[in-house]
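**Student:** Dropping in query_32.cif, with mmCIF, C-alpha atoms.
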```cif
data_data
loop_
_atom_site.group_PDB
_atom_site.id
_atom_site.type_symbol
_atom_site.label_atom_id
_atom_site.label_comp_id
_atom_site.auth_asym_id
_atom_site.auth_seq_id
_atom_site.Cartn_x
_atom_site.Cartn_y
_atom_site.Cartn_z
ATOM 1 C CA MET C 1 -0.973 -82.940 -61.375
ATOM 2 C CA SER C 2 -1.953 -85.565 -58.794
ATOM 3 C CA THR C 3 -5.567 -86.391 -58.175
ATOM 4 C CA THR C 4 -6.946 -87.218 -54.743
ATOM 5 C CA PHE C 5 -10.243 -88.973 -54.215
ATOM 6 C CA ALA C 6 -12.596 -87.994 -51.427
ATOM 7 C CA LEU C 7 -13.529 -90.808 -49.105
ATOM 8 C CA PRO C 8 -17.236 -91.576 -48.691
ATOM 9 C CA VAL C 9 -18.792 -89.657 -45.809
ATOM 10 C CA ALA C 10 -19.949 -92.919 -44.226
ATOM 11 C CA VAL C 11 -16.356 -94.161 -44.031
ATOM 12 C CA VAL C 12 -15.220 -90.943 -42.358
ATOM 13 C CA HIS C 13 -18.101 -91.124 -39.865
ATOM 14 C CA ALA C 14 -17.269 -94.745 -39.082
ATOM 15 C CA ALA C 15 -13.649 -93.825 -38.357
ATOM 16 C CA GLU C 16 -14.856 -90.991 -36.121
ATOM 17 C CA ALA C 17 -17.036 -93.452 -34.198
ATOM 18 C CA PHE C 18 -14.018 -95.677 -33.546
ATOM 19 C CA ALA C 19 -12.096 -92.618 -32.355
ATOM 20 C CA ARG C 20 -14.739 -92.033 -29.674
ATOM 21 C CA GLY C 21 -13.710 -95.399 -28.263
ATOM 22 C CA GLY C 22 -10.027 -94.511 -28.331
ATOM 23 C CA GLU C 23 -9.214 -96.340 -31.592
ATOM 24 C CA HIS C 24 -7.823 -93.794 -34.027
ATOM 25 C CA ILE C 25 -8.044 -95.299 -37.486
ATOM 26 C CA ALA C 26 -7.223 -93.522 -40.726
ATOM 27 C CA PRO C 27 -10.447 -93.678 -42.777
ATOM 28 C CA GLU C 28 -8.611 -95.307 -45.674
ATOM 29 C CA LEU C 29 -7.682 -98.194 -43.319
ATOM 30 C CA LEU C 30 -11.263 -98.858 -42.180
ATOM 31 C CA ASP C 31 -11.545 -101.822 -44.580
ATOM 32 C CA VAL C 32 -8.532 -103.584 -43.045
ATOM 33 C CA HIS C 33 -9.581 -102.748 -39.489
ATOM 34 C CA LEU C 34 -13.070 -104.208 -39.892
ATOM 35 C CA ALA C 35 -11.610 -107.335 -41.495
ATOM 36 C CA GLU C 36 -9.249 -107.783 -38.538
ATOM 37 C CA ILE C 37 -12.145 -107.441 -36.074
ATOM 38 C CA ALA C 38 -14.044 -110.135 -37.971
ATOM 39 C CA ASP C 39 -10.960 -112.393 -37.924
ATOM 40 C CA LYS C 40 -10.548 -112.024 -34.165
ATOM 41 C CA ALA C 41 -14.250 -112.600 -33.468
ATOM 42 C CA SER C 42 -14.290 -115.671 -35.726
ATOM 43 C CA CYS C 43 -11.304 -117.224 -33.965
ATOM 44 C CA SER C 44 -12.722 -116.388 -30.528
ATOM 45 C CA LEU C 45 -16.028 -118.010 -31.462
ATOM 46 C CA LEU C 46 -14.221 -121.179 -32.574
ATOM 47 C CA ARG C 47 -12.164 -121.155 -29.386
ATOM 48 C CA ASP C 48 -15.137 -120.761 -27.062
ATOM 49 C CA ARG C 49 -17.848 -122.719 -28.870
ATOM 50 C CA PHE C 50 -17.336 -125.676 -26.494
ATOM 51 C CA ARG C 51 -17.696 -123.611 -23.313
ATOM 52 C CA ASN C 52 -21.229 -123.679 -21.991
ATOM 53 C CA ASP C 53 -20.776 -120.638 -19.751
ATOM 54 C CA PHE C 54 -19.522 -118.288 -22.472
ATOM 55 C CA PRO C 55 -21.863 -115.654 -23.976
ATOM 56 C CA HIS C 56 -21.766 -116.802 -27.596
ATOM 57 C CA ALA C 57 -24.451 -114.260 -28.493
ATOM 58 C CA ALA C 58 -21.870 -111.467 -28.329
ATOM 59 C CA TYR C 59 -19.769 -113.106 -31.048
ATOM 60 C CA HIS C 60 -22.850 -113.781 -33.172
ATOM 61 C CA GLU C 61 -23.940 -110.149 -33.003
ATOM 62 C CA LEU C 62 -20.425 -108.804 -33.560
ATOM 63 C CA LEU C 63 -19.808 -110.950 -36.628
ATOM 64 C CA SER C 64 -23.176 -110.031 -38.146
ATOM 65 C CA THR C 65 -22.484 -106.347 -37.449
ATOM 66 C CA MET C 66 -19.063 -106.526 -39.126
ATOM 67 C CA ALA C 67 -20.568 -108.304 -42.144
ATOM 68 C CA ALA C 68 -23.310 -105.661 -42.388
ATOM 69 C CA LEU C 69 -20.876 -102.735 -42.047
ATOM 70 C CA ARG C 70 -18.594 -104.131 -44.706
ATOM 71 C CA ALA C 71 -21.514 -104.739 -47.058
ATOM 72 C CA ALA C 72 -22.821 -101.207 -46.496
ATOM 73 C CA HIS C 73 -19.394 -99.751 -47.354
ATOM 74 C CA GLY C 74 -18.868 -101.979 -50.379
ATOM 75 C CA PHE C 75 -16.023 -103.938 -48.793
ATOM 76 C CA SER C 76 -15.377 -107.645 -49.380
ATOM 77 C CA PRO C 77 -17.577 -109.976 -47.276
ATOM 78 C CA THR C 78 -16.633 -111.412 -43.902
ATOM 79 C CA PRO C 79 -18.456 -114.363 -42.308
ATOM 80 C CA THR C 80 -21.361 -114.352 -39.901
ATOM 81 C CA ALA C 81 -21.257 -116.728 -36.924
ATOM 82 C CA ALA C 82 -23.320 -119.319 -38.804
ATOM 83 C CA GLU C 83 -20.801 -119.245 -41.655
ATOM 84 C CA VAL C 84 -17.895 -119.616 -39.224
ATOM 85 C CA MET C 85 -19.537 -122.747 -37.827
ATOM 86 C CA ASP C 86 -20.204 -124.087 -41.340
ATOM 87 C CA TRP C 87 -16.561 -123.469 -42.259
ATOM 88 C CA GLN C 88 -15.375 -125.401 -39.206
ATOM 89 C CA ASP C 89 -17.690 -128.285 -40.086
ATOM 90 C CA ARG C 90 -16.301 -128.370 -43.643
ATOM 91 C CA GLN C 91 -12.761 -128.704 -42.265
ATOM 92 C CA ARG C 92 -13.932 -131.591 -40.085
ATOM 93 C CA ILE C 93 -15.768 -133.402 -42.889
ATOM 94 C CA VAL C 94 -12.745 -133.363 -45.193
ATOM 95 C CA HIS C 95 -10.692 -135.288 -42.642
ATOM 96 C CA ALA C 96 -13.552 -137.501 -41.486
ATOM 97 C CA ASP C 97 -13.920 -138.834 -45.029
ATOM 98 C CA ALA C 98 -10.296 -139.999 -44.979
ATOM 99 C CA VAL C 99 -10.679 -142.156 -41.855
ATOM 100 C CA ARG C 100 -10.958 -145.890 -42.359
ATOM 101 C CA GLY C 101 -12.903 -147.782 -39.731
ATOM 102 C CA LEU C 102 -14.412 -146.361 -36.580
ATOM 103 C CA LYS C 103 -14.029 -142.614 -36.115
ATOM 104 C CA THR C 104 -14.704 -140.078 -33.387
ATOM 105 C CA GLN C 105 -14.279 -136.348 -32.785
ATOM 106 C CA TYR C 106 -11.278 -134.915 -30.944
ATOM 107 C CA PRO C 107 -10.890 -131.370 -29.592
ATOM 108 C CA VAL C 108 -7.758 -129.718 -30.969
ATOM 109 C CA VAL C 109 -6.012 -126.407 -30.295
ATOM 110 C CA PHE C 110 -3.614 -124.500 -32.548
ATOM 111 C CA VAL C 111 -0.773 -123.173 -30.423
ATOM 112 C CA ASP C 112 1.116 -120.979 -32.896
ATOM 113 C CA GLY C 113 0.954 -119.428 -36.340
ATOM 114 C CA PRO C 114 -2.013 -117.579 -37.881
ATOM 115 C CA TYR C 115 -4.556 -119.812 -36.105
ATOM 116 C CA ARG C 116 -2.972 -119.485 -32.653
ATOM 117 C CA GLY C 117 -5.574 -119.987 -29.921
ATOM 118 C CA VAL C 118 -8.265 -121.437 -32.191
ATOM 119 C CA GLU C 119 -9.974 -124.603 -30.980
ATOM 120 C CA MET C 120 -11.844 -126.960 -33.269
ATOM 121 C CA ALA C 121 -13.270 -130.467 -33.373
ATOM 122 C CA LEU C 122 -11.641 -132.822 -35.883
ATOM 123 C CA ASP C 123 -12.502 -136.418 -36.699
ATOM 124 C CA GLY C 124 -9.908 -139.151 -36.448
ATOM 125 C CA PRO C 125 -9.600 -142.899 -35.904
ATOM 126 C CA ALA C 126 -11.297 -144.116 -32.734
ATOM 127 C CA GLU C 127 -8.869 -147.035 -32.587
ATOM 128 C CA PRO C 128 -5.207 -147.423 -33.569
ATOM 129 C CA TYR C 129 -4.596 -148.456 -37.148
ATOM 130 C CA PRO C 130 -3.066 -150.933 -37.552
ATOM 131 C CA ASN C 131 -3.977 -152.422 -34.189
ATOM 132 C CA ALA C 132 -1.778 -151.322 -31.322
ATOM 133 C CA ASP C 133 -0.225 -154.793 -31.074
ATOM 134 C CA ASP C 134 0.543 -154.975 -34.808
ATOM 135 C CA PRO C 135 4.335 -155.285 -35.270
ATOM 136 C CA LEU C 136 4.122 -152.791 -38.153
ATOM 137 C CA GLY C 137 2.195 -150.262 -36.110
ATOM 138 C CA PHE C 138 5.201 -147.959 -35.928
ATOM 139 C CA LEU C 139 4.914 -147.451 -39.693
ATOM 140 C CA ALA C 140 1.451 -145.934 -39.342
ATOM 141 C CA ASP C 141 2.110 -142.980 -37.060
ATOM 142 C CA GLY C 142 -0.624 -141.000 -38.824
ATOM 143 C CA TRP C 143 -3.257 -143.568 -37.895
ATOM 144 C CA ILE C 144 -2.955 -143.740 -34.139
ATOM 145 C CA ALA C 145 -6.201 -143.113 -32.280
ATOM 146 C CA GLY C 146 -6.475 -139.347 -32.420
ATOM 147 C CA PRO C 147 -7.035 -136.450 -34.812
ATOM 148 C CA PRO C 148 -5.266 -136.196 -38.209
ATOM 149 C CA ALA C 149 -1.471 -136.109 -38.110
ATOM 150 C CA PHE C 150 -1.403 -133.059 -40.415
ATOM 151 C CA ILE C 151 -3.948 -130.450 -41.438
ATOM 152 C CA PRO C 152 -3.709 -127.560 -43.926
ATOM 153 C CA LEU C 153 -5.695 -124.414 -43.174
ATOM 154 C CA PRO C 154 -6.308 -121.468 -45.510
ATOM 155 C CA ILE C 155 -4.682 -118.094 -44.827
ATOM 156 C CA VAL C 156 -4.842 -114.611 -46.299
ATOM 157 C CA TRP C 157 -2.465 -111.658 -45.996
ATOM 158 C CA GLY C 158 -1.997 -108.114 -47.185
ATOM 159 C CA ASP C 159 -4.587 -105.447 -47.969
ATOM 160 C CA SER C 160 -8.103 -106.881 -48.022
ATOM 161 C CA GLY C 161 -8.678 -105.273 -51.424
ATOM 162 C CA ARG C 162 -5.672 -107.081 -52.946
ATOM 163 C CA PRO C 163 -5.058 -110.034 -50.648
ATOM 164 C CA GLY C 164 -2.650 -112.909 -51.014
ATOM 165 C CA HIS C 165 -4.016 -116.395 -50.442
ATOM 166 C CA GLY C 166 -2.356 -119.629 -49.407
ATOM 167 C CA ALA C 167 -2.340 -122.307 -46.752
ATOM 168 C CA VAL C 168 -0.398 -123.151 -43.634
ATOM 169 C CA ARG C 169 0.199 -126.766 -42.624
ATOM 170 C CA TYR C 170 -0.059 -127.828 -39.005
ATOM 171 C CA LYS C 171 1.352 -130.941 -37.357
ATOM 172 C CA ARG C 172 -0.298 -132.757 -34.463
ATOM 173 C CA GLY C 173 1.470 -133.219 -31.146
ATOM 174 C CA TYR C 174 2.061 -136.682 -29.676
ATOM 175 C CA ALA C 175 -0.538 -136.496 -26.928
ATOM 176 C CA PRO C 176 -3.425 -134.312 -25.706
ATOM 177 C CA ASP C 177 -2.865 -131.606 -23.087
ATOM 178 C CA VAL C 178 -4.274 -131.656 -19.559
ATOM 179 C CA GLU C 179 -7.609 -130.362 -20.893
ATOM 180 C CA GLY C 180 -7.849 -133.187 -23.413
ATOM 181 C CA ARG C 181 -7.056 -131.002 -26.448
ATOM 182 C CA TRP C 182 -4.585 -132.207 -29.043
ATOM 183 C CA PRO C 183 -2.021 -129.455 -29.786
ATOM 184 C CA PHE C 184 -1.150 -128.561 -33.372
ATOM 185 C CA ARG C 185 1.895 -126.508 -34.382
ATOM 186 C CA VAL C 186 2.998 -125.027 -37.691
ATOM 187 C CA ARG C 187 5.262 -127.441 -39.527
ATOM 188 C CA THR C 188 8.813 -126.185 -39.184
ATOM 189 C CA ASP C 189 9.951 -127.937 -42.381
ATOM 190 C CA ASP C 190 7.635 -125.709 -44.440
ATOM 191 C CA PRO C 191 8.333 -122.075 -45.382
ATOM 192 C CA ALA C 192 7.063 -119.724 -42.678
ATOM 193 C CA PRO C 193 3.682 -118.093 -43.369
ATOM 194 C CA PRO C 194 3.938 -114.568 -44.838
ATOM 195 C CA GLU C 195 4.196 -111.762 -42.309
ATOM 196 C CA GLY C 196 0.747 -110.617 -41.248
ATOM 197 C CA ALA C 197 -0.939 -113.842 -42.397
ATOM 198 C CA ARG C 198 -4.327 -114.380 -40.788
ATOM 199 C CA PRO C 199 -7.020 -117.064 -40.908
ATOM 200 C CA TYR C 200 -9.120 -117.165 -44.052
ATOM 201 C CA ILE C 201 -12.606 -118.234 -43.024
ATOM 202 C CA THR C 202 -14.486 -118.123 -46.286
ATOM 203 C CA VAL C 203 -18.008 -117.044 -47.116
ATOM 204 C CA PRO C 204 -19.065 -119.605 -49.750
ATOM 205 C CA ALA C 205 -22.105 -117.694 -51.048
ATOM 206 C CA ALA C 206 -20.031 -114.580 -51.665
ATOM 207 C CA GLN C 207 -16.762 -116.027 -52.961
ATOM 208 C CA GLU C 208 -15.441 -114.423 -56.107
ATOM 209 C CA GLY C 209 -14.216 -116.529 -58.981
#
```
Will you turn the file into structure tokens for me?
**Tutor:**
Amino acid sequence: MSTTFALPVAVVHAAEAFARGGEHIAPELLDVHLAEIADKASCSLLRDRFRNDFPHAAYHELLSTMAALRAAHGFSPTPTAAEVMDWQDRQRIVHADAVRGLKTQYPVVFVDGPYRGVEMALDGPAEPYPNADDPLGFLADGWIAGPPAFIPLPIVWGDSGRPGHGAVRYKRGYAPDVEGRWPFRVRTDDPAPPEGARPYITVPAAQEG
């Protein structure tokens, strides 16, 4: 005899609220749906954090609301806006520490893969290394003036209750675009990210293990 478990009333009511807005979600998929909303809001916040005319408050409120809803339903934590910003700064610091000599921040944009559309600031050499007129300069392609040549970013996939974790490696383009952003693309010599892979913006205070 099979046993079925009743879903909490709060989960059913939450799914009904989404239905009022035209989003029909099976109650048992509420966990995944809320996580996807948090992912999209996090990436949009990173994309638009440099734009003075964008209403950042909406992202801040949405991310806090998603984090609160997930906590109230006993789901795994998703980041608030402050934690998204802290995560971005941690990515920057890791690469800033590797730069020898003068460094500066460069705006970058991820044009494909799980982080498609995300914009960030990354530190890199302010001057070519070795110097541009050094005859061995061609051997140091990773140390031209610009952001890092490669950057790994964490990803997650599958059900949020039993997720898979990994990383995707991005490669920098040869020059910034017309808006001054350096494009990064998924390395084609690496295995493709798993289907459904999404950004993994961690919540340090709530990490398990």
**Student:** For this structure, which residues satisfy the selection - the PyMOL selection byres ((chain C and resi 111) around 7) - when it is evaluated on the file as given? I want them as number ranges by chain.
**Tutor:** C: 109-110, 112, 116-117, 183-185
**Student:** Give me, please, the distance in Å between CA of Arg162 in chain C and CA of Pro193 in chain C, quoted to one decimal.
**Tutor:**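 Spanning CA of Arg162 in chain C to CA of Pro193 in chain C is a straight-line distance of 17.3 Å.
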**Student:** Once the PyMOL selection byres ((chain C and resi 119) around 10) has been applied to the shown file, what residues remain in the selection, as a ChimeraX atom specification?
**Tutor:** /C:43-50,88,107-111,115-118,120-122,181-184
**Student:** Here's the selection I'm unsure about, the PyMOL selection byres ((chain C and resi 200) around 7); applied to the file above, which residues does it give, as a PyMOL selection string?
**Tutor:** chain C and resi 154-156+198-199+201-202
**Student:** Taking into account all atoms listed in the file, which residue in the set C:Ala96, C:Ala192, C:Ala68, C:Leu29 is nearest to Pro147 in chain C?
**Tutor:** C:Ala96
**Student:** Record the distance separating CA of Leu62 in chain C and CA of Phe18 in chain C, expressed in Å with one decimal.
**Tutor:** 14.6 Å
